[in-house]
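Novice: Here you go, this is coords_6.txt (compact mmCIF, C-alpha atoms).
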# COMPACT_ATOMS: atom_id res chain seq x y z
CA MET A 1 -65.18 157.94 -84.52
CA SER A 2 -67.15 154.98 -83.22
CA GLN A 3 -65.32 151.72 -83.56
CA GLY A 4 -66.63 148.62 -85.26
CA LEU A 5 -69.81 148.50 -87.30
CA THR A 6 -72.36 151.22 -86.53
CA PHE A 7 -76.12 150.71 -86.71
CA SER A 8 -78.78 153.33 -86.12
CA SER A 9 -81.38 152.67 -83.40
CA CYS A 10 -79.83 149.31 -82.56
CA GLN A 11 -80.44 147.57 -79.23
CA ILE A 12 -78.30 144.87 -77.69
CA SER A 13 -80.50 142.32 -75.93
CA GLY A 14 -80.18 138.97 -74.27
CA LYS A 15 -82.72 136.51 -72.93
CA LEU A 16 -82.18 133.43 -70.79
CA ASN A 17 -84.95 131.16 -69.57
CA VAL A 18 -84.45 128.33 -67.09
CA SER A 19 -87.38 126.13 -66.05
CA VAL A 20 -87.47 123.28 -63.54
CA GLU A 21 -90.64 121.17 -63.17
CA LYS A 22 -91.27 118.70 -60.35
CA ASP A 23 -93.90 115.95 -60.26
CA LEU A 24 -95.71 116.28 -56.93
CA GLY A 25 -97.28 112.81 -57.09
CA ASN A 26 -100.81 112.00 -55.90
CA ALA A 27 -102.19 111.49 -59.39
CA ASP A 28 -105.87 112.10 -59.96
CA ASP A 29 -108.12 111.64 -62.99
CA LEU A 30 -106.56 114.64 -64.68
CA GLY A 31 -102.95 113.52 -64.15
CA ASN A 32 -100.16 114.34 -61.73
CA PRO A 33 -99.98 117.86 -60.23
CA THR A 34 -96.69 119.62 -60.87
CA ALA A 35 -94.81 122.63 -59.53
CA GLU A 36 -92.60 124.76 -61.75
CA LEU A 37 -89.69 126.97 -60.76
CA ALA A 38 -88.84 129.55 -63.43
CA ILE A 39 -85.81 131.84 -63.35
CA ASN A 40 -86.00 134.34 -66.17
CA LEU A 41 -83.51 136.90 -67.41
CA ASN A 42 -84.87 139.28 -69.99
CA ALA A 43 -82.22 141.97 -70.21
CA ILE A 44 -82.27 144.72 -72.80
CA LEU A 45 -79.46 147.27 -72.96
CA ALA A 46 -80.44 150.52 -74.62
CA THR A 47 -77.65 152.27 -76.48
CA GLY A 48 -75.53 154.49 -74.24
CA ARG A 49 -72.95 154.46 -71.44
CA GLY A 50 -75.06 154.40 -68.26
CA SER A 51 -77.20 151.96 -66.31
CA ALA A 52 -79.04 149.40 -68.49
CA GLN A 53 -77.06 150.68 -71.47
CA GLY A 54 -74.21 149.52 -73.70
CA ASN A 55 -72.68 150.57 -77.00
CA LEU A 56 -70.09 147.94 -77.90
CA ALA A 57 -70.33 144.22 -78.62
CA TYR A 58 -67.71 141.73 -79.74
CA TRP A 59 -68.08 138.04 -80.52
CA ASP A 60 -65.87 135.25 -81.76
CA ALA A 61 -65.98 131.52 -82.54
CA LYS A 62 -62.99 129.19 -82.62
CA GLU A 63 -61.64 125.68 -82.30
CA LEU A 64 -58.94 125.23 -79.67
CA ALA A 65 -56.39 122.49 -80.17
CA ALA A 66 -55.74 120.08 -77.30
CA SER A 67 -54.30 121.97 -74.28
CA ALA A 68 -54.28 125.25 -76.23
CA SER A 69 -55.23 128.66 -74.87
CA GLN A 70 -56.79 131.76 -76.42
CA ASP A 71 -56.31 135.24 -74.94
CA TYR A 72 -58.74 138.11 -75.45
CA ASP A 73 -57.23 141.54 -74.82
CA LEU A 74 -60.27 143.78 -74.44
CA ILE A 75 -58.43 147.04 -75.11
CA GLY A 76 -56.76 147.82 -78.39
CA THR A 77 -56.12 144.42 -80.00
CA LEU A 78 -59.46 142.82 -80.88
CA GLN A 79 -60.57 143.58 -84.40
CA THR A 80 -63.81 143.30 -86.33
CA ALA A 81 -64.09 141.47 -89.63
CA PHE A 82 -63.60 144.91 -91.24
CA GLY A 83 -60.32 145.57 -89.44
CA ASP A 84 -61.67 148.07 -86.88
CA THR A 85 -60.20 147.95 -83.39
CA VAL A 86 -62.48 147.16 -80.44
CA SER A 87 -61.72 148.63 -76.99
CA PHE A 88 -63.87 148.16 -73.89
CA ASP A 89 -64.03 150.57 -70.96
CA ARG A 90 -66.51 148.38 -69.04
CA VAL A 91 -68.04 144.98 -69.73
CA LYS A 92 -71.73 144.43 -69.01
CA THR A 93 -72.13 140.86 -70.28
CA ILE A 94 -69.86 137.87 -70.81
CA ILE A 95 -71.26 134.78 -72.50
CA LEU A 96 -69.30 131.64 -73.34
CA LYS A 97 -70.88 128.68 -75.08
CA ASN A 98 -68.92 125.44 -75.36
CA THR A 99 -70.31 124.16 -78.67
CA GLY A 100 -68.48 120.85 -78.44
CA VAL A 101 -69.86 117.40 -77.66
CA ALA A 102 -68.93 115.44 -74.54
CA GLY A 103 -66.52 112.64 -75.36
CA THR A 104 -65.58 114.28 -78.66
CA ASN A 105 -64.50 117.74 -77.49
CA GLY A 106 -62.82 119.17 -74.42
CA ASP A 107 -64.07 121.34 -71.59
CA ILE A 108 -63.05 125.01 -71.56
CA ARG A 109 -61.79 127.11 -68.67
CA LEU A 110 -62.70 130.80 -68.66
CA ILE A 111 -59.77 132.24 -66.72
CA ALA A 112 -59.74 135.76 -65.25
CA GLN A 113 -56.09 136.55 -66.04
CA THR A 114 -55.64 140.34 -65.74
CA PHE A 115 -59.33 141.13 -66.40
CA ASN A 116 -60.50 139.97 -62.98
CA SER A 117 -62.94 142.69 -61.92
CA TRP A 118 -65.71 140.11 -62.48
CA CYS A 119 -64.23 137.68 -59.92
CA LYS A 120 -61.77 137.72 -57.02
CA ASP A 121 -58.32 136.79 -58.35
CA ALA A 122 -56.45 136.49 -61.63
CA THR A 123 -56.19 132.71 -61.15
CA ASP A 124 -59.95 132.24 -60.72
CA TYR A 125 -61.74 130.38 -63.48
CA VAL A 126 -65.03 128.78 -64.50
CA THR A 127 -65.07 125.44 -66.29
CA VAL A 128 -67.64 125.28 -69.08
CA ARG A 129 -68.19 121.67 -70.02
CA ALA A 130 -68.84 120.48 -73.57
CA GLY A 131 -72.36 121.59 -74.53
CA GLY A 132 -72.52 124.04 -71.63
CA ILE A 133 -73.00 127.80 -71.34
CA PHE A 134 -71.64 130.43 -68.94
CA LEU A 135 -73.41 133.80 -68.71
CA LEU A 136 -72.52 136.79 -66.53
CA HIS A 137 -74.58 139.97 -66.73
CA ALA A 138 -74.31 143.29 -64.87
CA PRO A 139 -76.60 146.02 -66.25
CA ASP A 140 -75.58 148.76 -63.78
CA ALA A 141 -73.43 151.71 -64.82
CA THR A 142 -70.24 150.38 -63.18
CA ALA A 143 -70.44 146.75 -64.36
CA TYR A 144 -66.95 145.20 -64.72
CA ASP A 145 -64.12 147.67 -65.23
CA VAL A 146 -61.47 147.04 -67.88
CA THR A 147 -58.06 148.61 -67.19
CA ALA A 148 -55.53 149.12 -69.97
CA THR A 149 -52.36 146.98 -69.72
CA THR A 150 -52.93 145.82 -66.15
CA GLY A 151 -56.50 144.57 -66.35
CA ASP A 152 -57.72 143.88 -69.85
CA THR A 153 -57.01 140.24 -70.77
CA ILE A 154 -59.18 137.15 -70.29
CA ARG A 155 -58.11 133.62 -71.27
CA LEU A 156 -59.81 130.47 -72.54
CA THR A 157 -58.02 127.15 -72.12
CA ASN A 158 -58.92 123.72 -73.46
CA THR A 159 -58.60 121.37 -70.48
CA SER A 160 -58.24 118.27 -72.66
CA SER A 161 -54.76 117.11 -73.63
CA THR A 162 -56.13 114.96 -76.47
CA LEU A 163 -59.39 116.49 -77.78
CA PRO A 164 -60.07 119.80 -79.52
CA ALA A 165 -62.56 122.26 -78.00
CA LEU A 166 -65.14 124.39 -79.81
CA TYR A 167 -66.66 127.60 -78.52
CA GLN A 168 -68.46 130.87 -79.12
CA ILE A 169 -67.74 133.88 -76.92
CA GLY A 170 -69.33 137.32 -76.68
CA PHE A 171 -68.71 140.52 -74.75
CA ILE A 172 -71.19 143.40 -74.43
CA GLY A 173 -70.26 146.66 -72.76
CA VAL A 174 -69.18 150.24 -73.14
CA GLU A 175 -66.39 151.44 -75.40
CA THR A 176 -63.44 153.45 -74.09
CA ASP A 177 -64.02 157.15 -73.47
CA SER A 178 -61.45 158.26 -76.03
CA SER A 179 -63.21 156.39 -78.82
CA SER A 180 -66.75 157.41 -77.89
CA SER A 181 -66.45 161.19 -77.93
CA GLU A 182 -68.06 161.56 -81.34
CA SER A 183 -70.98 159.20 -80.71
CA SER A 184 -71.68 160.66 -77.27
CA SER A 185 -71.91 164.16 -78.68
CA SER A 186 -74.12 163.24 -81.62
CA ASP A 187 -76.49 160.29 -82.10
CA LEU A 188 -76.72 158.21 -78.93
CA SER A 189 -78.92 155.67 -80.74
CA SER A 190 -75.92 154.19 -82.58
CA SER A 191 -74.04 151.15 -81.31
CA SER A 192 -70.79 149.49 -82.27
CA LEU A 193 -70.73 145.81 -83.04
CA GLY A 194 -67.58 143.82 -83.69
CA HIS A 195 -66.96 140.29 -84.86
CA SER A 196 -63.84 138.39 -85.69
CA SER A 197 -62.83 134.77 -86.02
CA SER A 198 -59.10 135.39 -86.35
CA SER A 199 -58.23 138.53 -84.41
CA THR A 200 -56.26 136.99 -81.56
CA ALA A 201 -53.45 134.50 -81.35
CA GLU A 202 -53.84 130.93 -80.12
CA SER A 203 -51.14 129.47 -77.95
CA ASN A 204 -50.39 126.29 -76.06
CA THR A 205 -49.96 128.12 -72.76
CA SER A 206 -52.04 126.61 -69.96
CA ALA A 207 -52.92 128.49 -66.81
Give the structure from this file in structure tokens form.

Specialist:
Amino acid sequence: MSQGLTFSSCQISGKLNVSVEKDLGNADDLGNPTAELAINLNAILATGRGSAQGNLAYWDAKELAASASQDYDLIGTLQTAFGDTVSFDRVKTIILKNTGVAGTNGDIRLIAQTFNSWCKDATDYVTVRAGGIFLLHAPDATAYDVTATTGDTIRLTNTSSTLPALYQIGFIGVETDSSSSESSSSDLSSSSLGHSSSSTAESNTSA
């Protein structure tokens, strides 16, 4: 049985637009000429298990106390608001938004821990400053492998020893083979979506 909440003909999509505009000077009667650099990501994952496809999404939002950490075990422990277990076989997208405010909230480290197929080592991390966003996307069939027990946990840590940190995090990918047998043999247009705000334990363990 598919895990999480199932929707028929549901697509998982993400869009990121970044635009940089430079004033080239030499103003004329019509104003200053400008040059614009645009980097656009318009990624749509159709429902399935292959390239440019995904069938499982999980998202969460929390406040981390000063110096606290939050672990996300991507196989077998995350739960939806309905109590269904979420298990990833591969992750296609990781997005972390630090929803805090500089000076009021702390920065957040996204630490590889045992789920380090998206970087080099378990100790590698990305610091997402208050108000900032981190996005990693791999639409190919392999994406970032999740391995049970030895490679399935990612950690968030509040770098501030005095301020709380606020965040939203989301994972999009492919569910484990054992849990997808029914959906793969029937309607491939269904997708599993999970959400929880209290499925994992918060600790004061810093990496």

Novice: Hey, which of A:Asp89, A:Asp152, A:Asp73, A:Asp60 ends up closest to Thr114 (chain A)? Count only C-alpha atoms.

Specialist: A:Asp152

Novice: Extract, using all atoms listed in the file, all DNA, RNA and protein residues at most 10 Å from Thr93 (chain A), discarding same-chain residues fewer than 3 positions from it, and format them as a list in words.

Specialist: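 So the residues in contact are Gly14, Gly54, Ala57, Arg90, Leu135, Leu136, His137, Ala138, Pro139, Ala143, Tyr144, Gly170, Phe171, Ile172 and Gly173 of chain A.
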
Novice: Interatomic distance between CA of Glu63 (chain A) and CA of Pro164 (chain A)?

Specialist: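 Straight-line distance from CA of Glu63 (chain A) to CA of Pro164 (chain A) works out to 6.7 Å.
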
Novice: Please, what distance in Å, to one decimal, runs between CA of Ala52 (chain A) and CA of Ala141 (chain A)?

Specialist: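 CA of Ala141 (chain A) lies at a distance of 7.1 Å from CA of Ala52 (chain A).
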
Novice: Considering only C-alpha atoms, state which residue in the set A:Asn105, A:Thr159, A:Asn55, A:Thr127 is at the smallest distance from Asp177 (chain A).

Specialist: A:Asn55

Novice: Rounded to one decimal in Å, what is the spacing between CA of Leu166 (chain A) and CA of Val128 (chain A)?

Specialist: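 Going from CA of Leu166 (chain A) over to CA of Val128 (chain A) covers 11.1 Å.
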
Novice: Of the residues A:Arg129, A:Lys97, A:Lys120, A:Arg109, which is the one nearest to Asn158 (chain A), using only C-alpha atoms?

Specialist: A:Arg109

Novice: From the options A:Thr149, A:Gln113, A:Gln53, A:Asn42, which residue's atoms come nearest to Val126 (chain A), counting only C-alpha atoms?

Specialist: A:Gln113

Novice: At a cut-off of 12 Å, using all atoms listed in the file, what residues contact Gly106 (chain A)? Leave out same-chain residues fewer than 5 positions from it and give the result as a list of chain:residue names.

Specialist: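 The residues satisfying every condition are A:Glu63, A:Leu64, A:Ala65, A:Ala66, A:Ser67, A:Ala68, A:Asn98, A:Thr99, A:Gly100, A:Val101, A:Thr127, A:Val128, A:Arg129, A:Ala130, A:Gly131, A:Gly132, A:Leu156, A:Thr157, A:Asn158, A:Thr159, A:Ser160, A:Ser161, A:Thr162, A:Leu163, A:Pro164, A:Ala165, A:Leu166, A:Tyr167.
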
Novice: Considering all atoms listed in the file, can you say which of A:Val146, A:Val86, A:Leu78, A:Leu45 comes closest to Trp118 (chain A)?

Specialist: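 When distances to Trp118 (chain A) are compared using all atoms listed in the file, the smallest one comes from A:Val146.
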
Novice: Return the single residue from A:Thr153, A:Thr142, A:Gln168, A:Thr123 that is closest to Gly76 (chain A), with distances computed using only C-alpha atoms.

Specialist: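 Residue with the minimum atom-to-atom distance to Gly76 (chain A): A:Thr153.
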
Novice: For region 99-121 of chain A, which lacks atoms in the input, supply N, CA and C atoms and format the output as a PDB file, in the coordinates of the input.

Specialist:
ATOM      1  N   THR A  99     -69.481 124.791 -77.632  1.00  0.00           N
ATOM      2  CA  THR A  99     -70.310 124.160 -78.670  1.00  0.00           C
ATOM      3  C   THR A  99     -69.880 122.740 -78.983  1.00  0.00           C
ATOM      4  N   GLY A 100     -68.945 122.219 -78.217  1.00  0.00           N
ATOM      5  CA  GLY A 100     -68.480 120.850 -78.440  1.00  0.00           C
ATOM      6  C   GLY A 100     -69.436 119.808 -77.893  1.00  0.00           C
ATOM      7  N   VAL A 101     -69.070 118.559 -78.090  1.00  0.00           N
ATOM      8  CA  VAL A 101     -69.860 117.400 -77.660  1.00  0.00           C
ATOM      9  C   VAL A 101     -69.045 116.596 -76.663  1.00  0.00           C
ATOM     10  N   ALA A 102     -69.635 116.232 -75.543  1.00  0.00           N
ATOM     11  CA  ALA A 102     -68.930 115.440 -74.540  1.00  0.00           C
ATOM     12  C   ALA A 102     -68.401 114.144 -75.131  1.00  0.00           C
ATOM     13  N   GLY A 103     -67.154 113.841 -74.841  1.00  0.00           N
ATOM     14  CA  GLY A 103     -66.520 112.640 -75.360  1.00  0.00           C
ATOM     15  C   GLY A 103     -65.821 112.872 -76.691  1.00  0.00           C
ATOM     16  N   THR A 104     -66.188 113.944 -77.372  1.00  0.00           N
ATOM     17  CA  THR A 104     -65.580 114.280 -78.660  1.00  0.00           C
ATOM     18  C   THR A 104     -64.746 115.553 -78.560  1.00  0.00           C
ATOM     19  N   ASN A 105     -65.181 116.460 -77.672  1.00  0.00           N
ATOM     20  CA  ASN A 105     -64.500 117.740 -77.490  1.00  0.00           C
ATOM     21  C   ASN A 105     -64.212 118.008 -76.024  1.00  0.00           C
ATOM     22  N   GLY A 106     -63.244 118.893 -75.777  1.00  0.00           N
ATOM     23  CA  GLY A 106     -62.820 119.170 -74.420  1.00  0.00           C
ATOM     24  C   GLY A 106     -63.651 120.214 -73.716  1.00  0.00           C
ATOM     25  N   ASP A 107     -63.487 120.278 -72.383  1.00  0.00           N
ATOM     26  CA  ASP A 107     -64.070 121.340 -71.590  1.00  0.00           C
ATOM     27  C   ASP A 107     -63.196 122.592 -71.717  1.00  0.00           C
ATOM     28  N   ILE A 108     -63.774 123.750 -71.409  1.00  0.00           N
ATOM     29  CA  ILE A 108     -63.050 125.010 -71.560  1.00  0.00           C
ATOM     30  C   ILE A 108     -63.058 125.766 -70.241  1.00  0.00           C
ATOM     31  N   ARG A 109     -61.889 126.252 -69.844  1.00  0.00           N
ATOM     32  CA  ARG A 109     -61.790 127.110 -68.670  1.00  0.00           C
ATOM     33  C   ARG A 109     -61.816 128.575 -69.116  1.00  0.00           C
ATOM     34  N   LEU A 110     -62.684 129.346 -68.492  1.00  0.00           N
ATOM     35  CA  LEU A 110     -62.700 130.800 -68.660  1.00  0.00           C
ATOM     36  C   LEU A 110     -61.917 131.368 -67.482  1.00  0.00           C
ATOM     37  N   ILE A 111     -60.707 131.851 -67.766  1.00  0.00           N
ATOM     38  CA  ILE A 111     -59.770 132.240 -66.720  1.00  0.00           C
ATOM     39  C   ILE A 111     -59.676 133.767 -66.646  1.00  0.00           C
ATOM     40  N   ALA A 112     -59.709 134.309 -65.433  1.00  0.00           N
ATOM     41  CA  ALA A 112     -59.740 135.760 -65.250  1.00  0.00           C
ATOM     42  C   ALA A 112     -58.515 136.450 -65.851  1.00  0.00           C
ATOM     43  N   GLN A 113     -57.322 135.892 -65.632  1.00  0.00           N
ATOM     44  CA  GLN A 113     -56.090 136.550 -66.040  1.00  0.00           C
ATOM     45  C   GLN A 113     -56.050 137.971 -65.463  1.00  0.00           C
ATOM     46  N   THR A 114     -55.720 138.977 -66.283  1.00  0.00           N
ATOM     47  CA  THR A 114     -55.640 140.340 -65.740  1.00  0.00           C
ATOM     48  C   THR A 114     -57.000 141.023 -65.679  1.00  0.00           C
ATOM     49  N   PHE A 115     -57.977 140.562 -66.472  1.00  0.00           N
ATOM     50  CA  PHE A 115     -59.330 141.130 -66.400  1.00  0.00           C
ATOM     51  C   PHE A 115     -60.098 140.337 -65.340  1.00  0.00           C
ATOM     52  N   ASN A 116     -59.904 140.729 -64.085  1.00  0.00           N
ATOM     53  CA  ASN A 116     -60.500 139.970 -62.980  1.00  0.00           C
ATOM     54  C   ASN A 116     -61.442 140.802 -62.129  1.00  0.00           C
ATOM     55  N   SER A 117     -61.967 141.902 -62.691  1.00  0.00           N
ATOM     56  CA  SER A 117     -62.940 142.690 -61.920  1.00  0.00           C
ATOM     57  C   SER A 117     -64.264 141.957 -61.781  1.00  0.00           C
ATOM     58  N   TRP A 118     -64.469 140.877 -62.558  1.00  0.00           N
ATOM     59  CA  TRP A 118     -65.710 140.110 -62.480  1.00  0.00           C
ATOM     60  C   TRP A 118     -65.601 138.934 -61.499  1.00  0.00           C
ATOM     61  N   CYS A 119     -64.414 138.743 -60.908  1.00  0.00           N
ATOM     62  CA  CYS A 119     -64.230 137.680 -59.920  1.00  0.00           C
ATOM     63  C   CYS A 119     -63.234 138.173 -58.869  1.00  0.00           C
ATOM     64  N   LYS A 120     -62.613 137.290 -58.127  1.00  0.00           N
ATOM     65  CA  LYS A 120     -61.770 137.720 -57.020  1.00  0.00           C
ATOM     66  C   LYS A 120     -60.307 137.853 -57.409  1.00  0.00           C
ATOM     67  N   ASP A 121     -59.745 136.806 -58.050  1.00  0.00           N
ATOM     68  CA  ASP A 121     -58.320 136.790 -58.350  1.00  0.00           C
ATOM     69  C   ASP A 121     -58.050 136.435 -59.802  1.00  0.00           C
TER      70      ASP A 121
END
